[in-house]
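Here is entry11.cif, consisting of mmCIF, C-alpha atoms and all ligand atoms:
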data_start
loop_
_atom_site.label_atom_id
_atom_site.label_comp_id
_atom_site.auth_asym_id
_atom_site.auth_seq_id
_atom_site.Cartn_x
_atom_site.Cartn_y
_atom_site.Cartn_z
CA MET A 1 16.94 -35.90 70.93
CA ASP A 2 20.15 -35.28 68.99
CA GLY A 3 19.31 -38.43 67.11
CA HIS A 4 16.06 -36.79 66.14
CA ARG A 5 17.91 -33.87 64.63
CA ASP A 6 19.65 -36.21 62.23
CA LEU A 7 16.39 -37.99 61.67
CA ILE A 8 14.60 -34.76 60.83
CA GLN A 9 17.33 -33.84 58.40
CA ALA A 10 17.24 -37.20 56.64
CA PHE A 11 13.44 -37.07 56.55
CA ARG A 12 13.49 -33.65 54.94
CA ALA A 13 16.08 -34.86 52.46
CA GLY A 14 13.57 -37.48 51.33
CA ASP A 15 15.16 -40.58 52.78
CA GLU A 16 12.47 -43.26 53.12
CA ARG A 17 14.41 -45.00 55.86
CA ALA A 18 14.05 -41.83 57.90
CA LEU A 19 10.30 -41.92 57.36
CA ALA A 20 10.23 -45.53 58.54
CA ARG A 21 12.28 -44.64 61.59
CA ALA A 22 10.13 -41.62 62.40
CA ILE A 23 7.03 -43.82 62.33
CA SER A 24 8.73 -46.26 64.70
CA VAL A 25 9.59 -43.43 67.09
CA VAL A 26 5.93 -42.40 67.05
CA GLU A 27 4.63 -45.94 67.36
CA ASP A 28 6.88 -46.62 70.35
CA GLN A 29 6.18 -43.19 71.82
CA ALA A 30 9.92 -42.92 72.29
CA PRO A 31 11.28 -39.85 74.09
CA GLY A 32 10.71 -36.72 72.07
CA PHE A 33 8.16 -38.26 69.71
CA GLU A 34 5.73 -35.36 69.99
CA GLU A 35 8.51 -32.85 69.28
CA LEU A 36 9.48 -34.93 66.27
CA LEU A 37 5.92 -34.83 64.96
CA GLU A 38 5.79 -31.13 65.58
CA ALA A 39 9.01 -30.54 63.67
CA LEU A 40 7.74 -32.56 60.74
CA ARG A 41 4.31 -31.02 60.29
CA GLU A 42 5.14 -28.93 57.28
CA GLY A 43 3.16 -30.17 54.32
CA VAL A 44 0.58 -32.03 56.39
CA GLY A 45 -2.77 -31.74 54.68
CA SER A 46 -1.53 -32.15 51.11
CA ALA A 47 -2.16 -35.88 50.75
CA ARG A 48 -5.52 -37.43 50.09
CA ARG A 49 -6.33 -39.94 52.80
CA ILE A 50 -8.33 -42.98 51.89
CA GLY A 51 -9.64 -45.48 54.41
CA VAL A 52 -10.27 -49.08 53.40
CA THR A 53 -12.22 -51.02 55.97
CA GLY A 54 -14.42 -54.09 56.23
CA PRO A 55 -14.69 -57.51 57.86
CA PRO A 56 -11.70 -59.89 58.16
CA GLY A 57 -10.68 -61.56 54.93
CA ALA A 58 -12.89 -59.37 52.73
CA GLY A 59 -9.95 -58.69 50.44
CA LYS A 60 -8.99 -55.29 51.85
CA SER A 61 -5.25 -55.83 51.41
CA THR A 62 -5.59 -57.24 47.92
CA LEU A 63 -7.81 -54.36 46.92
CA THR A 64 -5.55 -51.81 48.61
CA ALA A 65 -2.56 -53.20 46.73
CA GLU A 66 -4.33 -52.95 43.38
CA LEU A 67 -5.64 -49.49 44.12
CA ALA A 68 -2.15 -48.38 45.14
CA ARG A 69 -0.68 -49.74 41.90
CA LEU A 70 -3.28 -47.97 39.84
CA MET A 71 -2.70 -44.65 41.59
CA ARG A 72 1.05 -45.11 41.30
CA ASP A 73 0.74 -45.81 37.58
CA ALA A 74 -1.29 -42.61 37.28
CA GLY A 75 1.67 -40.72 38.71
CA SER A 76 0.94 -40.54 42.44
CA ARG A 77 3.23 -41.48 45.26
CA VAL A 78 1.30 -43.85 47.48
CA ALA A 79 1.77 -44.84 51.11
CA ILE A 80 -0.18 -47.60 52.83
CA ILE A 81 -0.79 -48.09 56.54
CA ALA A 82 -2.14 -51.51 57.42
CA VAL A 83 -3.51 -51.37 60.92
CA ASP A 84 -3.23 -54.53 62.97
CA PRO A 85 -3.46 -56.82 59.99
CA THR A 86 -3.94 -60.52 60.47
CA SER A 87 -2.74 -60.93 56.92
CA PRO A 88 -0.73 -60.50 54.74
CA TYR A 89 1.63 -57.64 55.51
CA THR A 90 2.99 -59.22 58.65
CA GLY A 91 2.34 -62.88 58.16
CA GLY A 92 -0.32 -65.32 59.16
CA ALA A 93 -1.37 -65.21 55.56
CA LEU A 94 -1.28 -67.72 52.80
CA LEU A 95 2.14 -67.77 51.26
CA GLY A 96 0.87 -66.41 47.95
CA ASP A 97 -0.62 -63.34 49.60
CA ARG A 98 2.52 -62.65 51.53
CA ILE A 99 4.64 -62.86 48.44
CA ARG A 100 2.29 -60.47 46.65
CA MET A 101 2.65 -57.92 49.43
CA VAL A 102 6.41 -58.23 49.58
CA GLU A 103 6.46 -57.64 45.85
CA LEU A 104 4.29 -54.59 46.29
CA ALA A 105 6.58 -53.23 49.00
CA LEU A 106 9.50 -53.51 46.63
CA GLU A 107 7.81 -51.55 43.90
CA GLU A 108 8.73 -47.95 43.23
CA HIS A 109 6.70 -45.19 44.81
CA ILE A 110 4.71 -47.41 47.11
CA PHE A 111 5.54 -47.34 50.79
CA ILE A 112 3.94 -49.87 53.11
CA ARG A 113 3.84 -49.81 56.86
CA SER A 114 1.94 -51.98 59.27
CA MET A 115 1.00 -50.95 62.78
CA ALA A 116 -0.21 -53.11 65.61
CA SER A 117 -2.61 -52.06 68.32
CA ARG A 118 -0.90 -53.95 71.09
CA GLY A 119 -0.09 -51.70 73.96
CA SER A 120 -0.30 -48.44 72.14
CA LEU A 121 -1.27 -45.97 74.81
CA GLY A 122 -3.71 -43.37 73.66
CA GLY A 123 -5.16 -45.60 71.05
CA LEU A 124 -4.33 -46.91 67.69
CA ALA A 125 -6.31 -44.21 65.92
CA THR A 126 -3.96 -41.56 67.27
CA ALA A 127 -0.83 -43.45 66.28
CA ALA A 128 -2.24 -44.26 62.84
CA SER A 129 -3.22 -40.69 62.12
CA GLU A 130 0.20 -39.52 63.29
CA ALA A 131 1.84 -42.02 60.94
CA ALA A 132 -0.42 -40.73 58.17
CA ASP A 133 0.69 -37.18 59.02
CA LEU A 134 4.32 -38.24 58.63
CA MET A 135 3.65 -39.85 55.26
CA ASP A 136 1.74 -36.77 54.20
CA ALA A 137 4.56 -34.44 55.28
CA PHE A 138 7.08 -36.70 53.59
CA GLY A 139 5.41 -36.00 50.29
CA PHE A 140 3.15 -38.91 49.49
CA ASP A 141 0.12 -37.86 47.46
CA ARG A 142 -2.11 -40.67 48.66
CA VAL A 143 -2.20 -42.32 52.05
CA ILE A 144 -4.34 -45.45 52.24
CA LEU A 145 -5.28 -46.72 55.69
CA GLU A 146 -6.40 -50.34 55.78
CA THR A 147 -8.24 -51.24 58.97
CA LEU A 148 -10.43 -54.05 60.12
CA GLY A 149 -13.98 -52.80 60.36
CA VAL A 150 -14.83 -54.23 63.73
CA GLY A 151 -14.64 -52.04 66.75
CA GLN A 152 -14.52 -48.49 67.77
CA SER A 153 -10.88 -47.68 67.26
CA GLU A 154 -10.92 -49.12 63.76
CA LEU A 155 -13.92 -47.01 62.84
CA GLU A 156 -12.22 -44.03 64.39
CA ILE A 157 -9.32 -44.56 62.02
CA ALA A 158 -11.70 -44.69 59.10
CA GLY A 159 -13.05 -41.41 60.45
CA THR A 160 -9.70 -39.72 59.92
CA ALA A 161 -9.76 -40.39 56.17
CA ASP A 162 -11.12 -38.03 53.53
CA SER A 163 -12.84 -40.92 51.78
CA THR A 164 -13.65 -44.33 53.20
CA VAL A 165 -14.22 -47.50 51.22
CA VAL A 166 -16.20 -50.22 52.98
CA VAL A 167 -15.39 -53.63 51.54
CA LEU A 168 -17.97 -56.40 51.92
CA VAL A 169 -18.14 -59.89 50.46
CA PRO A 170 -21.06 -62.00 49.28
CA GLU A 171 -20.34 -65.19 51.13
CA SER A 172 -20.49 -63.74 54.61
CA GLY A 173 -23.84 -62.62 53.28
CA ASP A 174 -23.77 -59.65 55.38
CA GLY A 175 -24.96 -56.24 54.71
CA VAL A 176 -26.90 -56.46 57.94
CA GLN A 177 -23.74 -57.26 59.85
CA ALA A 178 -22.14 -54.18 58.35
CA MET A 179 -25.01 -52.07 59.51
CA LYS A 180 -24.71 -53.43 63.03
CA ALA A 181 -20.98 -52.85 63.06
CA GLY A 182 -21.46 -49.19 62.18
CA LEU A 183 -19.87 -49.58 58.75
CA MET A 184 -22.82 -47.95 57.01
CA GLU A 185 -22.06 -44.65 58.69
CA VAL A 186 -18.46 -44.47 57.58
CA ALA A 187 -18.93 -45.59 53.98
CA ASP A 188 -18.35 -43.08 51.20
CA VAL A 189 -18.03 -45.89 48.68
CA PHE A 190 -19.19 -49.48 49.04
CA CYS A 191 -17.20 -52.21 47.43
CA VAL A 192 -18.69 -55.67 46.99
CA ASN A 193 -15.48 -57.63 46.55
CA LYS A 194 -15.14 -61.26 45.48
CA ALA A 195 -17.77 -60.54 42.88
CA ASP A 196 -16.53 -63.69 41.15
CA ARG A 197 -18.45 -65.61 43.79
CA PRO A 198 -22.21 -66.17 43.87
CA GLY A 199 -24.41 -63.68 45.67
CA ALA A 200 -22.65 -60.45 44.70
CA ASP A 201 -25.70 -58.91 43.02
CA LEU A 202 -27.88 -59.83 45.95
CA LEU A 203 -25.49 -58.10 48.34
CA VAL A 204 -25.45 -55.01 46.12
CA LYS A 205 -29.27 -54.90 46.38
CA GLU A 206 -29.15 -55.43 50.13
CA ILE A 207 -26.76 -52.50 50.51
CA GLU A 208 -28.94 -50.31 48.29
CA VAL A 209 -31.95 -51.11 50.48
CA MET A 210 -30.04 -50.27 53.63
CA LYS A 211 -28.83 -47.03 52.12
CA ALA A 212 -32.42 -46.13 51.34
CA ILE A 213 -33.50 -46.94 54.88
CA ARG A 214 -30.74 -44.83 56.33
CA SER A 215 -31.39 -41.87 54.11
CA GLY A 216 -34.99 -41.93 55.22
CA ASN A 217 -36.54 -42.80 51.86
CA THR A 218 -38.16 -45.90 53.19
CA LEU A 219 -38.77 -45.18 56.82
CA ARG A 220 -39.48 -41.75 58.12
CA GLY A 221 -38.63 -40.56 61.57
CA ILE A 222 -35.56 -42.67 62.11
CA PRO A 223 -32.58 -40.53 62.98
CA ARG A 224 -30.20 -40.84 60.11
CA HIS A 225 -27.02 -40.02 61.90
CA HIS A 226 -25.94 -39.99 65.44
CA ALA A 227 -22.50 -39.41 66.82
CA ARG A 228 -21.14 -42.63 68.18
CA ILE A 229 -19.87 -42.44 71.68
CA ALA A 230 -16.55 -44.07 72.35
CA PRO A 231 -15.94 -46.04 75.53
CA GLY A 232 -15.19 -43.38 78.06
CA GLY A 233 -17.83 -41.13 76.65
CA ALA A 234 -15.82 -39.06 74.22
CA PRO A 235 -17.58 -38.30 70.97
CA THR A 236 -15.61 -39.35 67.94
CA VAL A 237 -15.28 -37.90 64.52
CA VAL A 238 -16.89 -40.82 62.68
CA GLU A 239 -20.22 -39.14 62.25
CA ARG A 240 -20.51 -38.64 58.52
CA THR A 241 -23.00 -36.68 56.58
CA SER A 242 -22.78 -38.19 53.13
CA ALA A 243 -26.41 -39.28 52.98
CA ASP A 244 -27.61 -35.91 54.22
CA SER A 245 -25.64 -33.62 52.04
CA GLY A 246 -26.04 -34.94 48.58
CA TRP A 247 -23.42 -37.62 48.09
CA ASP A 248 -25.03 -40.80 46.86
CA VAL A 249 -22.74 -43.55 48.18
CA PRO A 250 -21.92 -45.73 45.16
CA VAL A 251 -21.99 -49.51 45.42
CA LEU A 252 -19.34 -51.10 43.22
CA LYS A 253 -18.40 -54.68 42.44
CA THR A 254 -14.76 -55.76 42.38
CA VAL A 255 -12.63 -58.85 41.99
CA ALA A 256 -9.49 -57.68 43.72
CA THR A 257 -7.45 -60.77 42.86
CA GLU A 258 -7.91 -59.99 39.17
CA ALA A 259 -7.80 -56.20 39.60
CA ARG A 260 -11.33 -56.08 38.17
CA GLY A 261 -13.37 -53.00 39.04
CA VAL A 262 -10.41 -51.28 40.63
CA SER A 263 -10.26 -48.44 38.12
CA GLU A 264 -13.99 -47.84 38.72
CA LEU A 265 -13.22 -47.73 42.42
CA ALA A 266 -10.44 -45.21 41.84
CA GLY A 267 -12.85 -43.20 39.69
CA ALA A 268 -15.50 -43.22 42.43
CA LEU A 269 -12.90 -42.05 44.93
CA ASP A 270 -11.88 -39.20 42.63
CA GLU A 271 -15.50 -38.17 42.28
CA HIS A 272 -16.00 -38.34 46.01
CA PHE A 273 -12.95 -36.22 46.62
CA ALA A 274 -14.07 -33.64 44.08
CA TRP A 275 -17.47 -33.59 45.78
CA ILE A 276 -16.15 -33.13 49.32
CA ARG A 277 -13.83 -30.41 48.14
CA GLU A 278 -16.54 -28.48 46.35
CA SER A 279 -19.25 -28.94 48.95
CA GLY A 280 -17.11 -27.81 51.87
CA GLU A 281 -17.31 -31.28 53.36
CA LEU A 282 -13.54 -31.74 53.07
CA GLU A 283 -12.93 -28.68 55.16
CA ARG A 284 -15.50 -29.85 57.69
CA ARG A 285 -13.95 -33.31 57.93
CA ARG A 286 -10.43 -31.98 58.24
CA ARG A 287 -11.53 -29.56 60.92
CA LEU A 288 -13.21 -32.34 62.89
CA SER A 289 -10.12 -34.51 62.46
CA LEU A 290 -7.91 -31.78 63.83
CA LEU A 291 -10.14 -31.26 66.86
CA ASP A 292 -10.31 -34.99 67.38
CA GLN A 293 -6.56 -35.38 67.10
CA THR A 294 -6.00 -32.60 69.59
CA ARG A 295 -8.43 -34.21 72.02
CA ARG A 296 -6.72 -37.58 71.61
CA ILE A 297 -3.27 -36.11 72.24
CA LEU A 298 -4.59 -34.47 75.38
CA VAL A 299 -6.19 -37.69 76.60
CA ARG A 300 -3.03 -39.64 75.85
CA ARG A 301 -0.98 -37.25 77.94
CA ALA A 302 -3.43 -37.34 80.82
CA GLU A 303 -3.51 -41.13 80.67
CA LYS A 304 0.25 -41.32 80.70
CA ALA A 305 0.49 -38.95 83.66
CA ALA A 306 -2.17 -40.88 85.57
CA ILE A 307 -0.50 -44.21 84.95
CA GLU A 308 2.87 -42.83 85.98
CA ALA A 309 1.40 -41.45 89.19
CA TRP A 310 -0.22 -44.80 89.93
CA GLU A 311 2.92 -46.80 89.24
CA GLU A 312 4.94 -44.51 91.44
CA ARG A 313 2.56 -44.52 94.37
CA LYS A 314 0.68 -47.76 94.29
CA ALA A 315 2.93 -49.50 96.83
CA GLU A 316 1.75 -46.98 99.43
CA PHE A 317 -1.90 -47.71 98.82
CA LEU A 318 -1.93 -51.41 98.10
CA PRO A 319 -2.04 -52.78 101.68
CA ASP A 320 -4.99 -50.57 102.68
CA LEU A 321 -6.71 -51.09 99.36
CA LEU A 322 -6.45 -54.86 99.50
CA ALA A 323 -7.48 -54.97 103.15
CA GLY A 324 -10.57 -52.93 102.33
CA ARG A 325 -9.56 -50.03 104.53
CA ILE A 326 -9.64 -47.66 101.59
CA THR A 327 -11.79 -47.64 98.45
CA PRO A 328 -10.45 -47.38 94.89
CA TYR A 329 -12.24 -44.01 94.66
CA ARG A 330 -10.38 -42.66 97.63
CA VAL A 331 -7.10 -43.91 96.17
CA VAL A 332 -7.82 -42.04 92.97
CA ARG A 333 -8.75 -38.89 94.87
CA ARG A 334 -5.52 -39.11 96.83
CA LEU A 335 -3.51 -39.68 93.65
CA GLY A 336 -5.16 -36.68 92.10
CA GLU A 337 -4.25 -34.55 95.08
CA LEU A 338 -0.70 -35.82 95.02
CA SER A 339 -0.08 -35.42 91.33
CA GLY A 340 -2.33 -32.47 90.68
CA THR A 341 -3.79 -34.16 87.61
CA VAL A 342 -7.35 -33.80 88.81
CA LYS A 343 -9.19 -31.09 90.66
CA ARG A 344 -8.96 -31.27 94.39
CA PRO A 345 -12.15 -32.91 95.58
CA GLN A 346 -14.38 -31.37 98.21
CA ARG A 347 -14.34 -33.01 101.58
N1 LIG B 1 -12.19 -65.21 44.87
C1 LIG B 1 -11.69 -64.07 45.31
N2 LIG B 1 -10.80 -64.08 46.30
C2 LIG B 1 -10.30 -62.90 46.74
C3 LIG B 1 -10.70 -61.67 46.16
N3 LIG B 1 -10.05 -60.68 46.79
C4 LIG B 1 -9.28 -61.25 47.74
N4 LIG B 1 -9.42 -62.61 47.69
C5 LIG B 1 -8.76 -63.58 48.57
O1 LIG B 1 -9.31 -63.47 49.87
C6 LIG B 1 -8.30 -63.72 50.83
C7 LIG B 1 -8.20 -62.56 51.81
O2 LIG B 1 -7.71 -61.43 51.10
P1 LIG B 1 -7.00 -60.24 51.86
O3 LIG B 1 -6.72 -59.21 50.84
O4 LIG B 1 -5.90 -60.74 52.69
O5 LIG B 1 -8.21 -59.78 52.79
P2 LIG B 1 -8.17 -58.73 54.01
O6 LIG B 1 -9.52 -58.17 54.09
O7 LIG B 1 -7.03 -57.81 53.86
O8 LIG B 1 -7.90 -59.69 55.24
P3 LIG B 1 -7.48 -59.26 56.74
O9 LIG B 1 -6.54 -58.11 56.64
O10 LIG B 1 -6.87 -60.50 57.28
O11 LIG B 1 -8.77 -58.92 57.42
C8 LIG B 1 -7.00 -63.96 50.09
O12 LIG B 1 -6.80 -65.35 49.95
C9 LIG B 1 -7.27 -63.32 48.74
O13 LIG B 1 -6.52 -63.91 47.70
C10 LIG B 1 -11.65 -61.70 45.09
O14 LIG B 1 -12.07 -60.69 44.54
N5 LIG B 1 -12.10 -62.93 44.71
MG MG B 2 -5.50 -57.26 55.21
#

Taking this structure as input, can you express it in the form of structure tokens?
Amino acid sequence: MDGHRDLIQAFRAGDERALARAISVVEDQAPGFEELLEALREGVGSARRIGVTGPPGAGKSTLTAELARLMRDAGSRVAIIAVDPTSPYTGGALLGDRIRMVELALEEHIFIRSMASRGSLGGLATAASEAADLMDAFGFDRVILETLGVGQSELEIAGTADSTVVVLVPESGDGVQAMKAGLMEVADVFCVNKADRPGADLLVKEIEVMKAIRSGNTLRGIPRHHARIAPGGAPTVVERTSADSGWDVPVLKTVATEARGVSELAGALDEHFAWIRESGELERRRRLSLLDQTRRILVRRAEKAAIEAWEERKAEFLPDLLAGRITPYRVVRRLGELSGTVKRPQR
């Protein structure tokens, strides 16, 4: 914990290596990580958080890089979190992409961090939003979270952003896929990337039609929004109200590899931010995020305690469990009684 005192000092002095180390402490859930986060909360809430999500290979990283450059050139300090990327921040990418990202990482005022989901207890969304908090407290003006738009935890991460860009591409053809994956609900701005390829205009139309369906212009009586329920039954923050409360989700075309359309994207994000701030939506989203974060921290602790109790005691139960003399439910009841993590069951 003494190490953390030095770390906190270096962080407050503006040393980027301290920021990187603090994120590692959080990612590893090393001893004292929650205290570290608590000590470094001053300033959290100042940065604008932007989510960039979409199917694999849609050009999210390329677009994120160009957006970051543009914001940097406009005078902002930009931090990027790439969540569980298959490319190109950590490799697995074409050489050219990797080189581009390394170049970006070396540029002034852009800080890049990737995070992997493997084994992160309590969920990636929690770790990613905690990393975003650190970047925010460190003094970055913009935090961009790139996540793959497939799966609950990825959408949950998008749900922690103030504005979320959903990136789709013509060749996968698939507005419908996006709708199925729940991407429609999280989109504040749609980006049809790879607009240099055929089919971009068609996809734009498809998205416009789906927007109309969702906002009830075409079909009446279909619930427009419903809170998604995460595995385990906990409601998540990803329910968005854009279509209900007056924000018309723009559909833009970009060619990320040529930085085409990126300034329009930045403009749309500025407009969206101005709108959420004025309409009270920003406050609502931030409030939901805070509640959600608190719930996730609680669940993470409970999960940790339960796993520790199980690891400590399982040797006692295994023979009876495996021989069928005791049910898993009884084991859990007994563990609860022993560790006090759950209410004592009635007999
Ligand atoms: N033709 C064309 N290619 C693009 C465009 N944008 C990105 N690409 C290429 O598409 C490929 C994937 O781009 P990435 O930026 O890595 O896509 P991603 O969505 O981050 O990919 P993952 O993180 O792996 O899901 C790369 O080879 C890019 O050079 C574009 O606008 N037009
Ligand atoms: Mg990527």

What box, with edges along x, y and z, holds each listed atom of ligand LIG 1 (chain B) when 3 Å is added on every side, and can you state its centre and edge lengths in Å to one decimal, as AutoDock Vina command-line options?
--center_x -9.0 --center_y -61.6 --center_z 51.0 --size_x 12.3 --size_y 13.5 --size_z 18.9

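From CA of Val255 (chain A) back to atom C10 of ligand LIG 1 (chain B), the distance works out to 4.3 Å.
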
So which residues touch region 282-285 of chain A within 8 Å, counting all atoms listed in the file, skipping near sequence neighbours fewer than 4 positions away, as a PyMOL selection string?
chain A and resi 160+162+273+276-277+289

Rounded to one decimal in Å, what is the spacing between CA of Ala259 (chain A) and atom C7 of ligand LIG 1 (chain B)?
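A separation of 13.8 Å between them.
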
Polymer residues at most 12 Å from (-18.8, -50.3, 52.3) by only C-alpha atoms, as number ranges by chain:
A: 51-55, 58, 60, 149, 158, 163-169, 174-179, 181-193, 203-204, 206-208, 210-211, 249-253, 265

Pick from A:Ala116, A:Leu19, A:Ala30, A:Ala128, whichever lies nearest to Gln293 (chain A) using only C-alpha atoms:
A:Ala128
